[in-house]
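Undergrad: To be precise about what I am sending: the file is called run14.tsv and holds TSV, C-alpha atoms.
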```tsv
chain	number	residue	atom	x	y	z
G	1	MET	CA	0.00	0.00	0.00
G	2	LYS	CA	1.29	3.49	-0.80
G	3	LYS	CA	2.30	5.62	2.15
G	4	LYS	CA	0.29	8.76	2.83
G	5	SER	CA	1.52	11.85	4.67
G	6	SER	CA	-1.17	11.59	7.31
G	7	TYR	CA	-3.32	8.59	8.18
G	8	ARG	CA	-6.09	10.79	9.46
G	9	ILE	CA	-6.20	12.98	6.35
G	10	PHE	CA	-5.83	9.90	4.14
G	11	LEU	CA	-9.09	8.59	5.60
G	12	LEU	CA	-10.79	11.90	5.03
G	13	LEU	CA	-9.56	12.05	1.46
G	14	LEU	CA	-10.60	8.51	0.74
G	15	LEU	CA	-13.99	9.10	2.29
G	16	ALA	CA	-14.62	12.10	0.08
G	17	ALA	CA	-13.30	10.40	-3.03
G	18	ILE	CA	-15.30	7.18	-3.07
G	19	SER	CA	-18.82	7.50	-4.49
G	20	SER	CA	-21.94	6.18	-2.81
G	21	CYS	CA	-22.27	3.26	-5.26
G	22	THR	CA	-18.81	1.74	-5.29
G	23	THR	CA	-18.40	-1.86	-6.39
G	24	PRO	CA	-16.38	-3.88	-3.86
G	25	TYR	CA	-12.64	-3.93	-4.71
G	26	ASN	CA	-13.09	-1.57	-7.65
G	27	TYR	CA	-10.12	0.70	-6.96
G	28	LYS	CA	-10.92	3.28	-9.63
G	29	THR	CA	-12.82	6.28	-8.33
G	30	ASN	CA	-16.08	7.23	-9.97
G	31	GLY	CA	-17.90	10.52	-9.40
G	32	PHE	CA	-14.84	12.22	-7.91
G	33	GLU	CA	-15.50	15.57	-6.25
G	34	ASN	CA	-12.69	18.05	-5.67
G	35	ALA	CA	-12.90	19.41	-2.13
G	36	ILE	CA	-10.61	21.29	0.21
G	37	VAL	CA	-9.22	19.41	3.20
G	38	ILE	CA	-8.35	21.39	6.33
G	39	GLU	CA	-6.44	19.95	9.27
G	40	ALA	CA	-6.26	22.69	11.88
G	41	ALA	CA	-5.61	22.68	15.59
G	42	ILE	CA	-4.16	25.23	17.98
G	43	THR	CA	-3.13	24.30	21.48
G	44	ASN	CA	-2.16	25.88	24.78
G	45	GLN	CA	1.52	25.33	23.91
G	46	LEU	CA	3.50	28.48	23.20
G	47	LYS	CA	4.83	27.60	19.77
G	48	ASN	CA	4.44	28.19	16.05
G	49	GLN	CA	1.05	26.61	15.40
G	50	GLU	CA	0.53	24.58	12.21
G	51	ILE	CA	-2.35	24.20	9.76
G	52	LYS	CA	-2.48	21.85	6.77
G	53	LEU	CA	-4.44	22.52	3.58
G	54	SER	CA	-4.79	20.10	0.70
G	55	ARG	CA	-7.24	18.76	-1.86
G	56	THR	CA	-9.03	15.45	-2.08
G	57	TYR	CA	-7.49	12.92	-4.42
G	58	LYS	CA	-8.63	9.76	-6.13
G	59	PHE	CA	-7.83	6.41	-4.54
G	60	GLU	CA	-5.57	5.43	-7.43
G	61	GLU	CA	-3.56	8.68	-7.26
G	62	GLU	CA	-0.27	9.19	-5.41
G	63	GLY	CA	-1.59	11.38	-2.61
G	64	PRO	CA	-2.99	14.77	-1.62
G	65	ILE	CA	-2.13	17.98	-3.43
G	66	PHE	CA	-0.96	20.81	-1.19
G	67	GLU	CA	-3.19	23.88	-1.37
G	68	SER	CA	-0.67	26.65	-1.97
G	69	GLY	CA	-1.15	30.42	-2.14
G	70	ALA	CA	-3.84	30.62	0.56
G	71	VAL	CA	-4.17	33.36	3.15
G	72	VAL	CA	-4.57	31.69	6.54
G	73	SER	CA	-5.23	33.37	9.87
G	74	VAL	CA	-6.72	32.80	13.31
G	75	LYS	CA	-8.56	35.66	15.01
G	76	ASP	CA	-9.45	35.86	18.70
G	77	ASN	CA	-12.31	37.75	20.37
G	78	LEU	CA	-9.97	40.63	21.35
G	79	GLY	CA	-9.30	41.33	17.68
G	80	THR	CA	-5.79	39.86	17.59
G	81	VAL	CA	-5.04	38.24	14.23
G	82	TYR	CA	-2.41	35.52	14.00
G	83	GLY	CA	-1.15	35.17	10.44
G	84	PHE	CA	0.29	31.98	8.94
G	85	ASP	CA	3.06	31.66	6.37
G	86	GLU	CA	3.34	28.95	3.75
G	87	LYS	CA	6.42	26.77	4.24
G	88	ASN	CA	7.34	23.29	2.99
G	89	GLY	CA	3.79	22.17	2.28
G	90	ILE	CA	2.31	23.50	5.51
G	91	TYR	CA	1.11	26.78	6.98
G	92	ILE	CA	3.02	27.89	10.09
G	93	SER	CA	2.12	30.85	12.29
G	94	ALA	CA	4.40	33.83	11.71
G	95	SER	CA	4.97	34.14	15.45
G	96	GLU	CA	4.60	31.90	18.45
G	97	PHE	CA	1.30	32.03	20.28
G	98	LYS	CA	-0.94	29.81	22.36
G	99	ALA	CA	-4.63	29.43	23.05
G	100	VAL	CA	-5.50	30.80	26.48
G	101	PRO	CA	-8.56	30.30	28.71
G	102	GLY	CA	-11.30	32.88	28.43
G	103	ARG	CA	-10.69	33.76	24.78
G	104	THR	CA	-12.40	32.46	21.66
G	105	TYR	CA	-10.78	31.71	18.31
G	106	GLN	CA	-11.92	31.47	14.72
G	107	LEU	CA	-10.07	30.14	11.68
G	108	HIS	CA	-10.20	32.06	8.39
G	109	ILE	CA	-8.90	30.84	5.04
G	110	LYS	CA	-8.94	32.48	1.62
G	111	THR	CA	-7.63	30.42	-1.29
G	112	LYS	CA	-5.86	31.80	-4.36
G	113	ASP	CA	-9.00	31.22	-6.46
G	114	GLY	CA	-10.94	33.67	-4.28
G	115	LYS	CA	-12.91	31.22	-2.15
G	116	SER	CA	-13.06	31.83	1.58
G	117	TYR	CA	-13.78	29.56	4.54
G	118	SER	CA	-14.26	30.06	8.25
G	119	SER	CA	-14.78	27.86	11.27
G	120	THR	CA	-17.21	28.13	14.10
G	121	ILE	CA	-15.98	30.15	17.08
G	122	GLU	CA	-14.11	27.85	19.46
G	123	LYS	CA	-12.60	28.17	22.91
G	124	LEU	CA	-9.85	26.31	24.74
G	125	THR	CA	-10.90	23.15	26.53
G	126	THR	CA	-10.13	22.51	30.20
G	127	GLU	CA	-6.38	22.37	30.83
G	128	THR	CA	-6.11	18.91	32.34
G	129	ASN	CA	-2.57	17.58	32.31
G	130	LEU	CA	-1.43	14.09	31.54
G	131	GLU	CA	-0.31	13.03	35.01
G	132	ASP	CA	1.49	9.77	34.37
G	133	ILE	CA	2.42	7.11	31.81
G	134	THR	CA	2.80	3.52	33.00
G	135	SER	CA	4.04	0.30	31.43
G	136	ASN	CA	2.53	-2.97	32.64
G	137	VAL	CA	2.96	-6.57	31.54
G	138	THR	CA	-0.36	-8.09	30.51
G	139	THR	CA	-1.87	-10.69	28.21
G	140	LYS	CA	-4.26	-9.45	25.54
G	141	GLU	CA	-6.23	-11.94	23.44
G	142	GLY	CA	-3.73	-14.61	24.39
G	143	VAL	CA	-0.69	-12.49	23.51
G	144	LEU	CA	1.84	-11.55	26.18
G	145	GLY	CA	2.96	-7.95	25.94
G	146	VAL	CA	3.36	-4.60	27.59
G	147	GLU	CA	0.55	-2.05	27.73
G	148	ILE	CA	1.21	1.69	27.87
G	149	LYS	CA	-1.43	3.51	29.90
G	150	ALA	CA	-2.22	7.22	30.18
G	151	LYS	CA	-3.44	8.55	33.50
G	152	SER	CA	-5.02	11.91	34.24
G	153	TYR	CA	-7.63	13.45	36.53
G	154	ASP	CA	-9.86	16.51	36.30
G	155	PRO	CA	-11.40	17.37	39.68
G	156	THR	CA	-13.76	19.84	37.98
G	157	ASN	CA	-15.26	16.98	35.94
G	158	SER	CA	-15.29	19.15	32.82
G	159	SER	CA	-12.70	17.60	30.49
G	160	LYS	CA	-14.43	14.30	29.69
G	161	TYR	CA	-13.23	13.86	26.09
G	162	TYR	CA	-9.67	12.86	25.23
G	163	ARG	CA	-7.66	12.07	22.12
G	164	TYR	CA	-4.18	10.53	22.12
G	165	GLU	CA	-1.22	10.37	19.79
G	166	TYR	CA	2.26	9.03	20.41
G	167	ASP	CA	5.82	9.00	19.08
G	168	GLU	CA	7.79	5.88	19.89
G	169	THR	CA	11.56	5.63	19.60
G	170	TYR	CA	13.62	2.49	19.99
G	171	LYS	CA	17.26	1.47	19.90
G	172	VAL	CA	18.47	-0.76	17.06
G	173	ILE	CA	21.66	-2.80	17.43
G	174	ALA	CA	23.05	-4.46	14.28
G	175	PRO	CA	23.92	-8.05	15.29
G	176	LYS	CA	26.61	-8.58	12.63
G	177	TRP	CA	28.33	-5.23	12.94
G	178	SER	CA	32.09	-5.10	12.58
G	179	PRO	CA	34.46	-2.16	13.17
G	180	TYR	CA	35.74	-2.88	9.65
G	181	GLU	CA	34.06	-2.56	6.29
G	182	ALA	CA	34.98	-3.69	2.79
G	183	ILE	CA	35.15	-1.18	-0.05
G	184	ALA	CA	35.02	-2.42	-3.65
G	185	ILE	CA	37.44	-0.59	-5.95
G	186	PRO	CA	37.22	-1.46	-9.69
G	187	LYS	CA	40.37	-2.12	-11.68
G	188	ASN	CA	41.06	-2.80	-15.34
G	189	THR	CA	43.69	-5.51	-15.07
G	190	GLY	CA	44.09	-8.86	-13.34
G	191	ILE	CA	41.83	-11.82	-12.74
G	192	ALA	CA	39.74	-10.16	-10.02
G	193	PRO	CA	37.16	-7.55	-11.10
G	194	GLY	CA	38.58	-5.14	-8.55
G	195	ASP	CA	40.22	-4.73	-5.19
G	196	LEU	CA	38.55	-5.18	-1.85
G	197	ILE	CA	39.98	-2.81	0.70
G	198	ILE	CA	39.38	-3.44	4.38
G	199	GLN	CA	39.17	-0.20	6.34
G	200	GLN	CA	37.83	0.97	9.66
G	201	ARG	CA	34.33	2.38	9.60
G	202	THR	CA	34.12	6.15	9.60
G	203	LYS	CA	30.53	6.41	10.76
G	204	GLU	CA	28.39	4.84	13.47
G	205	ALA	CA	26.65	1.79	12.02
G	206	ARG	CA	26.09	-0.50	15.00
G	207	VAL	CA	23.65	1.50	17.15
G	208	CYS	CA	20.74	3.41	15.63
G	209	TYR	CA	17.43	4.91	16.71
G	210	SER	CA	14.11	4.56	14.89
G	211	THR	CA	11.05	6.71	15.51
G	212	LYS	CA	7.47	5.97	14.50
G	213	LYS	CA	4.36	8.06	14.96
G	214	SER	CA	0.93	6.69	15.77
G	215	ASP	CA	-1.18	6.27	12.63
G	216	HIS	CA	-4.64	5.74	14.02
G	217	ILE	CA	-7.30	7.65	15.95
G	218	THR	CA	-7.24	6.91	19.68
G	219	LEU	CA	-10.08	8.29	21.80
G	220	THR	CA	-11.55	7.80	25.24
G	221	SER	CA	-14.26	9.47	27.29
G	222	THR	CA	-15.04	9.66	30.99
G	223	ASN	CA	-18.56	10.88	30.34
G	224	ASP	CA	-20.12	7.71	31.75
G	225	LEU	CA	-17.88	7.58	34.82
G	226	LEU	CA	-18.54	8.99	38.28
G	227	GLU	CA	-15.39	11.10	38.09
G	228	ASP	CA	-13.25	12.52	35.31
G	229	ARG	CA	-10.35	10.12	35.81
G	230	VAL	CA	-8.47	8.54	32.89
G	231	ASP	CA	-6.68	5.18	33.12
G	232	PHE	CA	-6.49	4.31	29.44
G	233	GLN	CA	-4.38	1.99	27.29
G	234	VAL	CA	-2.92	3.93	24.38
G	235	ARG	CA	-0.51	1.25	23.15
G	236	PHE	CA	-0.02	-2.51	23.40
G	237	ILE	CA	3.25	-4.10	22.25
G	238	PRO	CA	3.66	-7.90	22.03
G	239	SER	CA	6.69	-9.28	23.85
G	240	THR	CA	7.94	-10.63	20.50
G	241	ASP	CA	8.08	-7.20	18.82
G	242	TYR	CA	11.65	-6.13	18.09
G	243	ILE	CA	10.96	-2.47	18.86
G	244	ILE	CA	11.27	-3.29	22.57
G	245	ALA	CA	14.19	-5.71	22.21
G	246	ASN	CA	16.73	-3.20	23.54
G	247	ARG	CA	15.67	0.18	24.93
G	248	TYR	CA	12.32	1.76	24.12
G	249	SER	CA	10.75	5.16	24.70
G	250	ILE	CA	7.29	6.51	24.04
G	251	LEU	CA	6.06	10.10	24.10
G	252	VAL	CA	2.32	10.12	24.76
G	253	LYS	CA	0.39	13.23	23.74
G	254	GLN	CA	-2.96	14.05	25.30
G	255	PHE	CA	-5.51	16.38	23.70
G	256	VAL	CA	-8.56	17.44	25.71
G	257	GLN	CA	-11.40	17.94	23.24
G	258	ASN	CA	-14.89	19.35	23.33
G	259	LEU	CA	-17.88	17.22	22.42
G	260	SER	CA	-17.99	18.41	18.81
G	261	ALA	CA	-14.35	17.59	18.12
G	262	PHE	CA	-14.61	14.26	19.91
G	263	THR	CA	-17.73	13.32	17.92
G	264	PHE	CA	-16.02	14.27	14.66
G	265	TYR	CA	-13.00	12.05	15.34
G	266	GLN	CA	-15.14	9.27	16.78
G	267	THR	CA	-17.29	9.19	13.65
G	268	LEU	CA	-14.23	9.27	11.44
G	269	SER	CA	-12.71	6.38	13.39
G	270	LYS	CA	-15.87	4.27	13.07
G	271	ILE	CA	-16.14	4.67	9.31
G	272	SER	CA	-12.45	4.39	8.48
G	273	GLY	CA	-12.18	0.59	8.47
G	274	SER	CA	-11.40	-1.08	5.15
G	275	GLU	CA	-14.68	-2.99	5.25
G	276	SER	CA	-16.83	0.15	5.31
G	277	LEU	CA	-14.68	2.06	2.82
G	278	LEU	CA	-14.67	-0.66	0.18
G	279	SER	CA	-18.20	-1.96	0.64
G	280	GLN	CA	-21.31	-0.91	-1.21
G	281	ASN	CA	-22.75	0.71	1.90
G	282	GLN	CA	-20.78	3.95	1.95
G	283	PRO	CA	-21.16	6.28	4.92
G	284	GLY	CA	-21.41	9.52	2.97
G	285	PHE	CA	-19.87	12.93	3.68
G	286	LEU	CA	-18.43	13.73	7.13
G	287	SER	CA	-18.98	17.38	7.97
G	288	GLY	CA	-16.84	19.31	10.46
G	289	ASN	CA	-17.01	22.83	11.88
G	290	ILE	CA	-15.54	24.63	8.84
G	291	LYS	CA	-17.81	26.04	6.14
G	292	SER	CA	-17.54	27.99	2.92
G	293	ASP	CA	-18.31	31.71	3.28
G	294	THR	CA	-19.26	32.02	-0.38
G	295	ASP	CA	-21.07	28.79	-1.27
G	296	SER	CA	-23.21	27.06	1.34
G	297	SER	CA	-23.44	23.92	-0.82
G	298	GLU	CA	-19.68	23.44	-1.09
G	299	LYS	CA	-18.29	20.45	0.81
G	300	VAL	CA	-15.45	21.23	3.19
G	301	ILE	CA	-13.55	18.45	4.93
G	302	GLY	CA	-11.87	19.08	8.25
G	303	PHE	CA	-12.09	20.45	11.75
G	304	PHE	CA	-10.71	23.45	13.64
G	305	ASP	CA	-9.77	22.22	17.10
G	306	VAL	CA	-8.74	24.45	20.02
G	307	THR	CA	-7.39	21.90	22.43
G	308	ALA	CA	-5.53	21.67	25.72
G	309	TYR	CA	-2.36	19.68	25.22
G	310	SER	CA	0.04	17.86	27.52
G	311	GLU	CA	2.62	15.12	27.09
G	312	LYS	CA	4.82	12.70	29.00
G	313	ARG	CA	7.65	10.36	28.05
G	314	ILE	CA	8.84	7.09	29.57
G	315	PHE	CA	11.75	4.71	28.89
G	316	PHE	CA	12.23	1.04	29.61
G	317	ASN	CA	14.54	-1.85	28.73
G	318	PHE	CA	13.27	-5.24	27.62
G	319	SER	CA	15.09	-6.95	30.50
G	320	ASP	CA	13.28	-4.69	32.98
G	321	ILE	CA	9.84	-5.61	31.66
G	322	PHE	CA	10.40	-9.23	30.66
G	323	PRO	CA	13.34	-10.56	32.72
G	324	LYS	CA	12.49	-14.20	31.90
G	325	GLU	CA	11.32	-13.88	28.28
G	326	LYS	CA	13.34	-14.47	25.11
G	327	VAL	CA	14.61	-11.28	23.52
G	328	PRO	CA	12.66	-10.55	20.29
G	329	SER	CA	14.38	-11.51	17.06
G	330	TYR	CA	16.08	-8.96	14.84
G	331	PRO	CA	13.71	-7.99	12.00
G	332	TYR	CA	16.12	-9.24	9.33
G	333	ASP	CA	17.65	-12.68	8.75
G	334	CYS	CA	21.04	-12.42	10.45
G	335	PRO	CA	21.94	-15.79	12.04
G	336	LEU	CA	24.30	-15.38	14.96
G	337	VAL	CA	25.59	-18.95	14.74
G	338	LEU	CA	25.84	-20.51	11.29
G	339	ASN	CA	24.96	-24.11	10.61
G	340	GLU	CA	26.42	-25.94	7.60
G	341	ASN	CA	23.77	-24.77	5.14
G	342	GLN	CA	23.87	-21.19	6.37
G	343	ALA	CA	27.66	-21.13	6.13
G	344	LYS	CA	27.34	-21.86	2.40
G	345	GLU	CA	25.04	-18.84	2.06
G	346	HIS	CA	27.21	-16.37	4.00
G	347	ILE	CA	30.88	-17.43	3.86
G	348	PHE	CA	32.76	-17.00	0.57
G	349	LEU	CA	36.36	-17.85	-0.29
G	350	TYR	CA	37.80	-14.77	-2.00
G	351	CYS	CA	39.49	-16.24	-5.07
G	352	PHE	CA	38.75	-16.52	-8.79
G	353	GLU	CA	40.20	-19.80	-10.09
G	354	SER	CA	37.57	-21.96	-11.81
G	355	ASP	CA	39.00	-25.30	-10.65
G	356	ARG	CA	39.89	-24.37	-7.08
G	357	VAL	CA	38.88	-26.65	-4.19
G	358	PRO	CA	37.23	-25.47	-2.05
G	359	GLN	CA	35.26	-23.51	-4.62
G	360	CYS	CA	36.02	-19.83	-5.27
G	361	PHE	CA	33.32	-17.20	-4.82
G	362	GLY	CA	35.28	-14.05	-5.56
G	363	ASP	CA	32.78	-12.68	-8.07
G	364	THR	CA	29.88	-13.29	-5.67
G	365	ALA	CA	31.61	-11.58	-2.78
G	366	TYR	CA	32.95	-8.66	-4.81
G	367	GLY	CA	29.69	-8.15	-6.69
G	368	GLY	CA	27.57	-8.13	-3.56
G	369	ILE	CA	29.72	-5.53	-1.84
G	370	ASN	CA	30.12	-3.44	-5.00
G	371	LEU	CA	26.36	-3.25	-5.56
G	372	GLY	CA	25.66	-2.32	-1.97
G	373	ARG	CA	23.39	-5.29	-1.38
G	374	SER	CA	25.58	-6.81	1.31
G	375	VAL	CA	27.95	-5.80	4.04
G	376	TYR	CA	31.33	-7.17	4.95
G	377	PHE	CA	31.68	-8.70	8.39
G	378	GLY	CA	34.80	-10.35	9.59
G	379	GLY	CA	36.49	-9.04	12.70
G	380	TYR	CA	39.86	-9.13	10.93
G	381	ASN	CA	42.68	-7.36	12.74
G	382	PHE	CA	44.31	-5.93	9.64
G	383	LEU	CA	43.56	-3.08	7.27
G	384	GLY	CA	44.33	-2.93	3.58
G	385	ARG	CA	43.79	-4.91	0.39
G	386	VAL	CA	42.20	-8.35	0.62
G	387	PRO	CA	44.38	-10.81	-1.37
G	388	ASP	CA	42.56	-12.56	-4.19
G	389	ASN	CA	44.52	-15.81	-3.87
G	390	GLY	CA	42.01	-17.53	-1.64
G	391	THR	CA	43.74	-17.07	1.71
G	392	ILE	CA	40.76	-15.27	3.22
G	393	SER	CA	37.09	-16.14	3.50
G	394	LEU	CA	34.65	-13.26	3.64
G	395	GLU	CA	31.55	-13.44	5.79
G	396	ILE	CA	28.78	-11.49	4.06
G	397	TYR	CA	25.24	-10.67	5.14
G	398	ASN	CA	22.41	-8.43	4.10
G	399	THR	CA	23.31	-4.80	4.67
G	400	GLU	CA	20.79	-4.46	7.49
G	401	CYS	CA	22.67	-7.09	9.53
G	402	GLY	CA	25.83	-5.05	9.88
G	403	ASP	CA	24.79	-1.48	9.11
G	404	CYS	CA	21.71	-0.21	10.93
G	405	THR	CA	21.83	3.09	9.02
G	406	SER	CA	20.44	1.19	6.02
G	407	PHE	CA	16.98	1.42	7.60
G	408	SER	CA	17.38	3.58	10.71
G	409	SER	CA	19.24	6.67	11.93
G	410	ASN	CA	22.56	6.76	13.74
G	411	ILE	CA	21.75	10.17	15.22
G	412	LYS	CA	21.00	9.85	18.91
G	413	PRO	CA	17.86	11.87	19.79
G	414	LEU	CA	18.46	14.80	22.13
G	415	PHE	CA	15.89	13.46	24.58
G	416	TRP	CA	17.41	9.97	24.74
G	417	ILE	CA	18.52	8.67	28.13
G	418	ASP	CA	20.51	5.43	28.33
```
For the file at hand, write its structure as C-alpha cells.
TA:
Amino acid sequence: MKKKSSYRIFLLLLLAAISSCTTPYNYKTNGFENAIVIEAAITNQLKNQEIKLSRTYKFEEEGPIFESGAVVSVKDNLGTVYGFDEKNGIYISASEFKAVPGRTYQLHIKTKDGKSYSSTIEKLTTETNLEDITSNVTTKEGVLGVEIKAKSYDPTNSSKYYRYEYDETYKVIAPKWSPYEAIAIPKNTGIAPGDLIIQQRTKEARVCYSTKKSDHITLTSTNDLLEDRVDFQVRFIPSTDYIIANRYSILVKQFVQNLSAFTFYQTLSKISGSESLLSQNQPGFLSGNIKSDTDSSEKVIGFFDVTAYSEKRIFFNFSDIFPKEKVPSYPYDCPLVLNENQAKEHIFLYCFESDRVPQCFGDTAYGGINLGRSVYFGGYNFLGRVPDNGTISLEIYNTECGDCTSFSSNIKPLFWID
C-alpha cells in the first residue's frame, strides 16, 4: 500500500473520493469531487502553530495535493489576528502564540482562487494535564505484551473527552556489525574484477534509533464515569516485537477535546475501516465545523480544534519488563551462529580460479559488496587490500545485519537517556 503523509487525512480524502455506489474492490474512483481538506488545531503550547491545507485525491492517485497560495489566519475575540506563512507544504504561524482560557478563536482561510472559509468560534478546553504514563505486563487476546497507559484526573469533571497520539523511539543494534568494512574498488587488469579494501568504519553503524508516529485515531471518554479520571491503554506491544528488544521510549500526547471535536474524530474512526470504505454501503460525507463563506453547498472536509495539550515520556529496557522472556528476534535474517547450510550462504572464499577446491566465490563476494546489497563482516585485525589468492574467506550478510543506518538513523535523539 502506498504511504500517505497523514493517516487521518488519508481517511478523510478517501472518504470524500469514493462514491456512494462503489463496487467492492473496484479501486478506480467514480464521481470524484474536488474538495478542500483542512487539518487545523491550535493548542495551549507556546509555539508556532501549524495548519495543513490540501485537496481530495482519487484512490488510485499518489496522494494529496498541497493547497498553496492561501491566506490563513486565526482571530481571537480581542481582535488579535495571527497570520500563517506557507512553508514546505504546511502553513506555520508567523509568530509563536498559544490558546488561552477565556478567549475564543476562529479560523479564516482564503484560497488563491478567491474562495473563503471560516470555522465556528471555538474556545480552549479545560487544561487537564497528563499526570502519568505507566508500562505494565499483561496478556491481551492470548498475547503476552506490555501495555502503555495514560493517566489523568480533572477534579472539575469538565474535560471528559480525550484524544491521544504518540511518538515511539527504539534502539536498534546491528547483530553482525564489525568495526571494519569492505570497499570495492574497480580495476582494469588482473583476474579479479577489482580490489577489496578493508578499512575501519568512519561512521556509526552499530547502534541506531528509529522513531514511528501513531497512525490511528485513539479516543476515550469519561462521560459515563462517576469522576473525570483517565486510566487508558494507548498502546499494546507484544513481547515478541523487536521495537522493545533493547531500549524503548514513548512520548504520549494528550488532547482534551470538546464534544464536537470528539464526535467528529469518533465518527471518522468508526467509518475508516477497510470494510466500510470498500463496501457498497458507503457512509457519505463527514462534515466538520468549517464552512464555505461564499457557497453554502460546497463540501469542506476538516475540523478546527482548540485543544488543551500535555505530554509525557517514559523509557524502559526489555530486560526490565520481561526478565524471563526471550529477547525478540532482529527484524532481518542475520543468524548469529551458522549451521552448515547457512555457512554456504554467507561465507565465501575470496578467489577466482575456476577449478579451485574449495570452490572460489570471488565474483559473488565482490559483486555483492560493490552493488551495496551486502555488508562485509569479519572481525579481521588488519587493514588494507584483501588478497585474491584464496587465503581469506569473507563473511557477508544483508546490509541491514551489519549497518543499521540502512533502515534507521545513527543520530541519537536529544531526549534519549541510556
Undergrad: Quick one: of G:Thr138, G:Ser214, G:Ser95, G:Thr125, who's nearest to Asn48 (chain G), counting only C-alpha atoms?
TA: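 Ranking G:Thr138, G:Ser214, G:Ser95, G:Thr125 by distance to Asn48 (chain G), first place goes to G:Ser95.
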Undergrad: Please tabulate, as JSON lines, the residues of region 145-211 of chain G that come within 10 Å of region 321-334 of chain G, each with its closest pair of atoms and the distance in Å to one decimal, counting all atoms listed in the file and ordering rows by chain, then residue number upward.
TA:
```
{"residue": "G:Gly145", "atom": "CA", "partner": "G:Phe322", "partner_atom": "CA", "distance": 8.9}
{"residue": "G:Val146", "atom": "CA", "partner": "G:Ile321", "partner_atom": "CA", "distance": 7.7}
{"residue": "G:Val172", "atom": "CA", "partner": "G:Tyr330", "partner_atom": "CA", "distance": 8.8}
{"residue": "G:Ile173", "atom": "CA", "partner": "G:Tyr330", "partner_atom": "CA", "distance": 8.7}
{"residue": "G:Ala174", "atom": "CA", "partner": "G:Tyr330", "partner_atom": "CA", "distance": 8.3}
{"residue": "G:Pro175", "atom": "CA", "partner": "G:Cys334", "partner_atom": "CA", "distance": 7.1}
{"residue": "G:Lys176", "atom": "CA", "partner": "G:Cys334", "partner_atom": "CA", "distance": 7.1}
```
Undergrad: Write the residues of the selection above to a file with C-alpha atoms, as an mmCIF file, keeping the file's coordinate frame.
TA:
```
data_model
loop_
_atom_site.group_PDB
_atom_site.id
_atom_site.type_symbol
_atom_site.label_atom_id
_atom_site.label_comp_id
_atom_site.auth_asym_id
_atom_site.auth_seq_id
_atom_site.Cartn_x
_atom_site.Cartn_y
_atom_site.Cartn_z
ATOM 1 C CA GLY G 145 2.960 -7.950 25.940
ATOM 2 C CA VAL G 146 3.360 -4.600 27.590
ATOM 3 C CA VAL G 172 18.470 -0.760 17.060
ATOM 4 C CA ILE G 173 21.660 -2.800 17.430
ATOM 5 C CA ALA G 174 23.050 -4.460 14.280
ATOM 6 C CA PRO G 175 23.920 -8.050 15.290
ATOM 7 C CA LYS G 176 26.610 -8.580 12.630
#
```
Undergrad: Could you check the closest approach to Leu251 (chain G) for each of G:Asp132, G:Asp195, G:Asp388, G:Glu227 and tell me which residue wins, using only C-alpha atoms?
TA: G:Asp132
Undergrad: Can you pull out the residues contacting region 210-213 of chain G? Cut-off 6 Å, using all atoms listed in the file, and skip same-chain residues under 3 positions away; I want them as number ranges by chain.
TA: G: 166-170, 408
Undergrad: Restrict the selected residues to C-alpha atoms and save them as a short mmCIF file (atom, residue, chain, number, x, y, z; two decimals), keeping the file's coordinate frame.
TA:
```
data_model
loop_
_atom_site.label_atom_id
_atom_site.label_comp_id
_atom_site.auth_asym_id
_atom_site.auth_seq_id
_atom_site.Cartn_x
_atom_site.Cartn_y
_atom_site.Cartn_z
CA TYR G 166 2.26 9.03 20.41
CA ASP G 167 5.82 9.00 19.08
CA GLU G 168 7.79 5.88 19.89
CA THR G 169 11.56 5.63 19.60
CA TYR G 170 13.62 2.49 19.99
CA SER G 408 17.38 3.58 10.71
#
```
Undergrad: Rounded to one decimal in Å, what is the spacing between CA of Glu400 (chain G) and CA of Val337 (chain G)?
TA: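 Atom-to-atom, CA of Glu400 (chain G) and CA of Val337 (chain G) are spaced 16.9 Å apart.
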Undergrad: Work out how far apart CA of Phe304 (chain G) and CA of Ala261 (chain G) are and give it in Å to one decimal.
TA: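 Calculated distance between CA of Phe304 (chain G) and CA of Ala261 (chain G) is 8.2 Å.
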Undergrad: Measuring atom to atom with all atoms listed in the file, identify which of G:Tyr180, G:Phe318, G:Tyr248, G:Tyr209 is nearest to Cys404 (chain G).
TA: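 Among the listed residues, G:Tyr209 lies closest to Cys404 (chain G).
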